[in-house]
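Chemist: Pasting a structure here, questions to come.
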Amino acid sequence: MKKYFAVLSAFVLIILMACSKEVIAPEEIAKCYKENPIEELPWLNDVVKRFQQPKSGPLTVSSAVFRNEVYIVLVNPAVSCPMCYIYNCQGETIGKLGIHYNTFTSEAKLIKVFLNKNY
């Protein structure tokens with residue numbers, strides 16, 4: 001299971017970092033969070049806490065830019081719906097926003113990884 005998570009996490013992060021980094025102004029990031037979205041966004045803190053239960057497995061939380069907007073990406077190999085854990089800064093999933101998962105993963109660029117831990 002750990003190997004699967006490592007490969008899945010690496011795959012998602014590589015996709016997010018593919019090609020050249022998209023430039024996003026620091027003030028655009030600051031509209032979402034200042035330093036750590038897990039601590040600053042109450043809705044995200046609640047979602048992360050659900051994954052931090054014993055034996056929940058690996059969890060990676062990162063931010064990414066997609067079409068000049070900041071998104072929060074949670075990766076856990078136990079979820080069957082990875083697009084259900086990609087959020088805009090207001091806590092809306094990309095599915096609710098009408099963004100296709102493949103489009104997001106092919107165009108999004110990694111900003112920063114905030115958490116990469118096994119529970």
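In the structure tokens, each chain is lettered A, B, ... as it comes, each chain's residues begin at 1, and ligands are numbered from 1 in order of appearance.
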List the neighbours of Glu92 (chain A) out to 12 Å using only C-alpha atoms; skip same-chain residues closer than 4 positions along the sequence, and give me the result as number ranges by chain.
Modeler: A: 43-44, 70-73, 83-88, 96-99
Chemist: I need the residues from that last selection saved to file as a PDB file, in the first residue's frame (with N, CA and C atoms), if you can.
Modeler:
```pdb
ATOM      1  N   TRP A  43     -12.563  25.079   6.734  1.00  0.00           N
ATOM      2  CA  TRP A  43     -13.152  23.954   6.010  1.00  0.00           C
ATOM      3  C   TRP A  43     -12.085  22.932   5.633  1.00  0.00           C
ATOM      4  N   LEU A  44     -10.875  23.400   5.262  1.00  0.00           N
ATOM      5  CA  LEU A  44      -9.790  22.493   4.894  1.00  0.00           C
ATOM      6  C   LEU A  44      -9.276  21.762   6.124  1.00  0.00           C
ATOM      7  N   VAL A  70      -5.947  29.626  -7.377  1.00  0.00           N
ATOM      8  CA  VAL A  70      -5.299  28.701  -6.447  1.00  0.00           C
ATOM      9  C   VAL A  70      -6.287  27.601  -6.058  1.00  0.00           C
ATOM     10  N   TYR A  71      -5.787  26.362  -6.026  1.00  0.00           N
ATOM     11  CA  TYR A  71      -6.580  25.206  -5.616  1.00  0.00           C
ATOM     12  C   TYR A  71      -5.797  24.428  -4.566  1.00  0.00           C
ATOM     13  N   ILE A  72      -6.531  23.729  -3.712  1.00  0.00           N
ATOM     14  CA  ILE A  72      -5.941  22.870  -2.700  1.00  0.00           C
ATOM     15  C   ILE A  72      -6.199  21.429  -3.124  1.00  0.00           C
ATOM     16  N   VAL A  73      -5.135  20.614  -3.162  1.00  0.00           N
ATOM     17  CA  VAL A  73      -5.218  19.239  -3.648  1.00  0.00           C
ATOM     18  C   VAL A  73      -4.863  18.280  -2.514  1.00  0.00           C
ATOM     19  N   MET A  83     -11.040  13.546  -7.710  1.00  0.00           N
ATOM     20  CA  MET A  83     -11.495  14.900  -8.029  1.00  0.00           C
ATOM     21  C   MET A  83     -12.375  15.474  -6.918  1.00  0.00           C
ATOM     22  N   CYS A  84     -12.849  14.613  -6.030  1.00  0.00           N
ATOM     23  CA  CYS A  84     -13.674  15.067  -4.907  1.00  0.00           C
ATOM     24  C   CYS A  84     -12.832  15.751  -3.833  1.00  0.00           C
ATOM     25  N   TYR A  85     -11.522  15.694  -3.962  1.00  0.00           N
ATOM     26  CA  TYR A  85     -10.628  16.286  -2.968  1.00  0.00           C
ATOM     27  C   TYR A  85      -9.692  17.317  -3.585  1.00  0.00           C
ATOM     28  N   ILE A  86     -10.162  17.977  -4.617  1.00  0.00           N
ATOM     29  CA  ILE A  86      -9.463  19.124  -5.198  1.00  0.00           C
ATOM     30  C   ILE A  86     -10.423  20.296  -5.071  1.00  0.00           C
ATOM     31  N   TYR A  87     -10.003  21.311  -4.316  1.00  0.00           N
ATOM     32  CA  TYR A  87     -10.897  22.404  -3.945  1.00  0.00           C
ATOM     33  C   TYR A  87     -10.366  23.760  -4.390  1.00  0.00           C
ATOM     34  N   ASN A  88     -11.299  24.678  -4.631  1.00  0.00           N
ATOM     35  CA  ASN A  88     -10.883  26.072  -4.758  1.00  0.00           C
ATOM     36  C   ASN A  88     -10.774  26.634  -3.336  1.00  0.00           C
ATOM     37  N   LYS A  96     -17.897  20.277  -8.719  1.00  0.00           N
ATOM     38  CA  LYS A  96     -18.980  21.250  -8.546  1.00  0.00           C
ATOM     39  C   LYS A  96     -18.760  22.465  -9.451  1.00  0.00           C
ATOM     40  N   LEU A  97     -17.486  22.771  -9.719  1.00  0.00           N
ATOM     41  CA  LEU A  97     -17.147  23.916 -10.560  1.00  0.00           C
ATOM     42  C   LEU A  97     -17.185  23.576 -12.054  1.00  0.00           C
ATOM     43  N   GLY A  98     -17.423  22.309 -12.368  1.00  0.00           N
ATOM     44  CA  GLY A  98     -17.500  21.901 -13.768  1.00  0.00           C
ATOM     45  C   GLY A  98     -16.141  21.741 -14.433  1.00  0.00           C
ATOM     46  N   ILE A  99     -15.103  21.504 -13.648  1.00  0.00           N
ATOM     47  CA  ILE A  99     -13.751  21.317 -14.192  1.00  0.00           C
ATOM     48  C   ILE A  99     -13.474  19.821 -14.258  1.00  0.00           C
TER      49      ILE A  99
END
```
Chemist: Can you list, as a PyMOL selection string, every protein, DNA or RNA residue that comes within 6 Å of region 110-118 of chain A when you count only C-alpha atoms, leaving out same-chain residues fewer than 3 positions away?
Modeler: chain A and resi 16-17+57-64
Chemist: Do you know which residues are at most 8 Å from region 26-33 of chain A counting only C-alpha atoms, after dropping those on the same chain fewer than 6 positions away, and could you put them as an MDAnalysis selection string?
Modeler: chainID A and resid 40:41 69:70 89
Chemist: Using the selection just defined, write its residues with N, CA and C atoms as a CSV table (one decimal), in the first residue's frame.
Modeler:
```
chain,number,residue,atom,x,y,z
A,40,GLU,N,-5.2,27.9,8.1
A,40,GLU,CA,-5.9,29.2,7.9
A,40,GLU,C,-7.3,29.0,7.3
A,41,LEU,N,-7.6,27.9,6.7
A,41,LEU,CA,-9.0,27.6,6.1
A,41,LEU,C,-9.7,26.6,7.0
A,69,GLU,N,-5.9,30.6,-10.8
A,69,GLU,CA,-6.6,30.5,-9.5
A,69,GLU,C,-5.9,29.4,-8.7
A,70,VAL,N,-5.9,29.6,-7.4
A,70,VAL,CA,-5.3,28.7,-6.4
A,70,VAL,C,-6.3,27.6,-6.1
A,89,CYS,N,-10.4,27.9,-3.2
A,89,CYS,CA,-10.2,28.4,-1.9
A,89,CYS,C,-11.5,28.6,-1.0
```
Chemist: Go through A:Asn102, A:Ala25, A:Ala78, A:Pro42 one by one, measure the shortest atom-to-atom distance of each to Ser56 (chain A) using only C-alpha atoms, and give the residue with the smallest value.
Modeler: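 Closest candidate: A:Ala78.
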Chemist: Tell me, which residues of chain A carry DSSP helix (DSSP H, G or I), written as a ChimeraX atom specification?
Modeler: /A:2-17,26-30,37-40,42-51,82-85,101-107
Chemist: Next, the residues of the selection above should be written as a short mmCIF file (atom, residue, chain, number, x, y, z; two decimals), in the first residue's frame with N, CA and C atoms.
Modeler:
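What landed in selection_15.cif:
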```cif
data_model
loop_
_atom_site.label_atom_id
_atom_site.label_comp_id
_atom_site.auth_asym_id
_atom_site.auth_seq_id
_atom_site.Cartn_x
_atom_site.Cartn_y
_atom_site.Cartn_z
N LYS A 2 1.98 1.23 0.75
CA LYS A 2 2.87 2.40 0.79
C LYS A 2 3.49 2.65 -0.58
N LYS A 3 3.85 1.57 -1.28
CA LYS A 3 4.42 1.73 -2.62
C LYS A 3 3.39 2.35 -3.55
N TYR A 4 2.14 1.87 -3.45
CA TYR A 4 1.07 2.40 -4.28
C TYR A 4 0.89 3.89 -4.04
N PHE A 5 0.88 4.30 -2.77
CA PHE A 5 0.71 5.71 -2.44
C PHE A 5 1.89 6.52 -2.95
N ALA A 6 3.09 6.02 -2.78
CA ALA A 6 4.27 6.75 -3.24
C ALA A 6 4.21 6.97 -4.75
N VAL A 7 3.82 5.95 -5.48
CA VAL A 7 3.72 6.07 -6.93
C VAL A 7 2.60 7.03 -7.30
N LEU A 8 1.45 6.90 -6.65
CA LEU A 8 0.31 7.78 -6.93
C LEU A 8 0.65 9.23 -6.59
N SER A 9 1.25 9.46 -5.44
CA SER A 9 1.64 10.82 -5.05
C SER A 9 2.64 11.40 -6.03
N ALA A 10 3.64 10.61 -6.39
CA ALA A 10 4.65 11.08 -7.33
C ALA A 10 4.00 11.41 -8.68
N PHE A 11 3.08 10.56 -9.12
CA PHE A 11 2.39 10.78 -10.39
C PHE A 11 1.62 12.10 -10.36
N VAL A 12 0.84 12.31 -9.31
CA VAL A 12 0.05 13.54 -9.20
C VAL A 12 0.96 14.75 -9.12
N LEU A 13 2.00 14.68 -8.32
CA LEU A 13 2.91 15.83 -8.19
C LEU A 13 3.66 16.10 -9.49
N ILE A 14 4.05 15.05 -10.20
CA ILE A 14 4.73 15.24 -11.49
C ILE A 14 3.79 15.90 -12.48
N ILE A 15 2.54 15.45 -12.48
CA ILE A 15 1.56 16.06 -13.39
C ILE A 15 1.41 17.54 -13.05
N LEU A 16 1.32 17.83 -11.75
CA LEU A 16 1.14 19.22 -11.34
C LEU A 16 2.36 20.09 -11.67
N MET A 17 3.53 19.48 -11.70
CA MET A 17 4.75 20.25 -11.96
C MET A 17 5.17 20.22 -13.42
N PRO A 26 2.07 36.65 -5.90
CA PRO A 26 1.90 36.34 -4.48
C PRO A 26 0.58 36.87 -3.91
N GLU A 27 0.11 38.00 -4.42
CA GLU A 27 -1.16 38.53 -3.91
C GLU A 27 -2.34 37.65 -4.30
N GLU A 28 -2.23 36.91 -5.40
CA GLU A 28 -3.28 35.97 -5.77
C GLU A 28 -3.31 34.79 -4.80
N ILE A 29 -2.13 34.31 -4.42
CA ILE A 29 -2.04 33.24 -3.42
C ILE A 29 -2.58 33.75 -2.09
N ALA A 30 -2.22 34.99 -1.73
CA ALA A 30 -2.65 35.57 -0.44
C ALA A 30 -4.16 35.71 -0.35
N PRO A 37 -2.54 26.84 4.33
CA PRO A 37 -3.99 26.77 4.20
C PRO A 37 -4.65 25.80 5.18
N ILE A 38 -3.93 24.78 5.61
CA ILE A 38 -4.51 23.81 6.55
C ILE A 38 -4.87 24.52 7.86
N GLU A 39 -4.04 25.43 8.30
CA GLU A 39 -4.29 26.17 9.53
C GLU A 39 -5.23 27.36 9.31
N GLU A 40 -5.21 27.93 8.13
CA GLU A 40 -5.94 29.18 7.89
C GLU A 40 -7.35 29.00 7.33
N PRO A 42 -10.69 27.03 7.75
CA PRO A 42 -11.40 26.09 8.64
C PRO A 42 -11.99 24.88 7.92
N TRP A 43 -12.56 25.08 6.73
CA TRP A 43 -13.15 23.95 6.01
C TRP A 43 -12.09 22.93 5.63
N LEU A 44 -10.88 23.40 5.26
CA LEU A 44 -9.79 22.49 4.89
C LEU A 44 -9.28 21.76 6.12
N ASN A 45 -9.17 22.45 7.23
CA ASN A 45 -8.73 21.83 8.48
C ASN A 45 -9.66 20.67 8.83
N ASP A 46 -10.97 20.85 8.65
CA ASP A 46 -11.93 19.78 8.94
C ASP A 46 -11.73 18.58 8.01
N VAL A 47 -11.49 18.83 6.73
CA VAL A 47 -11.28 17.75 5.77
C VAL A 47 -10.00 16.99 6.11
N VAL A 48 -8.93 17.71 6.40
CA VAL A 48 -7.65 17.07 6.73
C VAL A 48 -7.78 16.23 8.00
N LYS A 49 -8.49 16.74 9.00
CA LYS A 49 -8.67 15.99 10.25
C LYS A 49 -9.35 14.64 10.00
N ARG A 50 -10.27 14.58 9.04
CA ARG A 50 -10.93 13.31 8.72
C ARG A 50 -9.93 12.29 8.19
N PHE A 51 -8.90 12.75 7.49
CA PHE A 51 -7.87 11.84 6.96
C PHE A 51 -6.79 11.53 7.98
N PRO A 82 -10.72 10.94 -6.71
CA PRO A 82 -9.68 11.94 -6.45
C PRO A 82 -10.13 13.37 -6.75
N MET A 83 -11.04 13.55 -7.71
CA MET A 83 -11.49 14.90 -8.03
C MET A 83 -12.38 15.47 -6.92
N CYS A 84 -12.85 14.61 -6.03
CA CYS A 84 -13.67 15.07 -4.91
C CYS A 84 -12.83 15.75 -3.83
N TYR A 85 -11.52 15.69 -3.96
CA TYR A 85 -10.63 16.29 -2.97
C TYR A 85 -9.69 17.32 -3.58
N TYR A 101 -11.45 16.43 -14.25
CA TYR A 101 -10.23 16.00 -13.55
C TYR A 101 -9.02 15.95 -14.48
N ASN A 102 -9.18 15.36 -15.68
CA ASN A 102 -8.05 15.25 -16.60
C ASN A 102 -7.56 16.63 -17.06
N THR A 103 -8.48 17.55 -17.25
CA THR A 103 -8.10 18.91 -17.62
C THR A 103 -7.31 19.55 -16.50
N PHE A 104 -7.81 19.40 -15.28
CA PHE A 104 -7.12 19.99 -14.13
C PHE A 104 -5.72 19.41 -14.00
N THR A 105 -5.58 18.09 -14.01
CA THR A 105 -4.26 17.49 -13.79
C THR A 105 -3.29 17.77 -14.93
N SER A 106 -3.80 18.01 -16.13
CA SER A 106 -2.88 18.29 -17.23
C SER A 106 -2.43 19.75 -17.26
N GLU A 107 -3.23 20.65 -16.69
CA GLU A 107 -2.89 22.08 -16.75
C GLU A 107 -2.40 22.67 -15.43
#
```
Chemist: Pick out the closest residue to Asn76 (chain A) from this set: A:Tyr119, A:Pro54, A:Ile24, A:His100. Count only C-alpha atoms.
Modeler: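 Residue with the minimum atom-to-atom distance to Asn76 (chain A): A:Tyr119.
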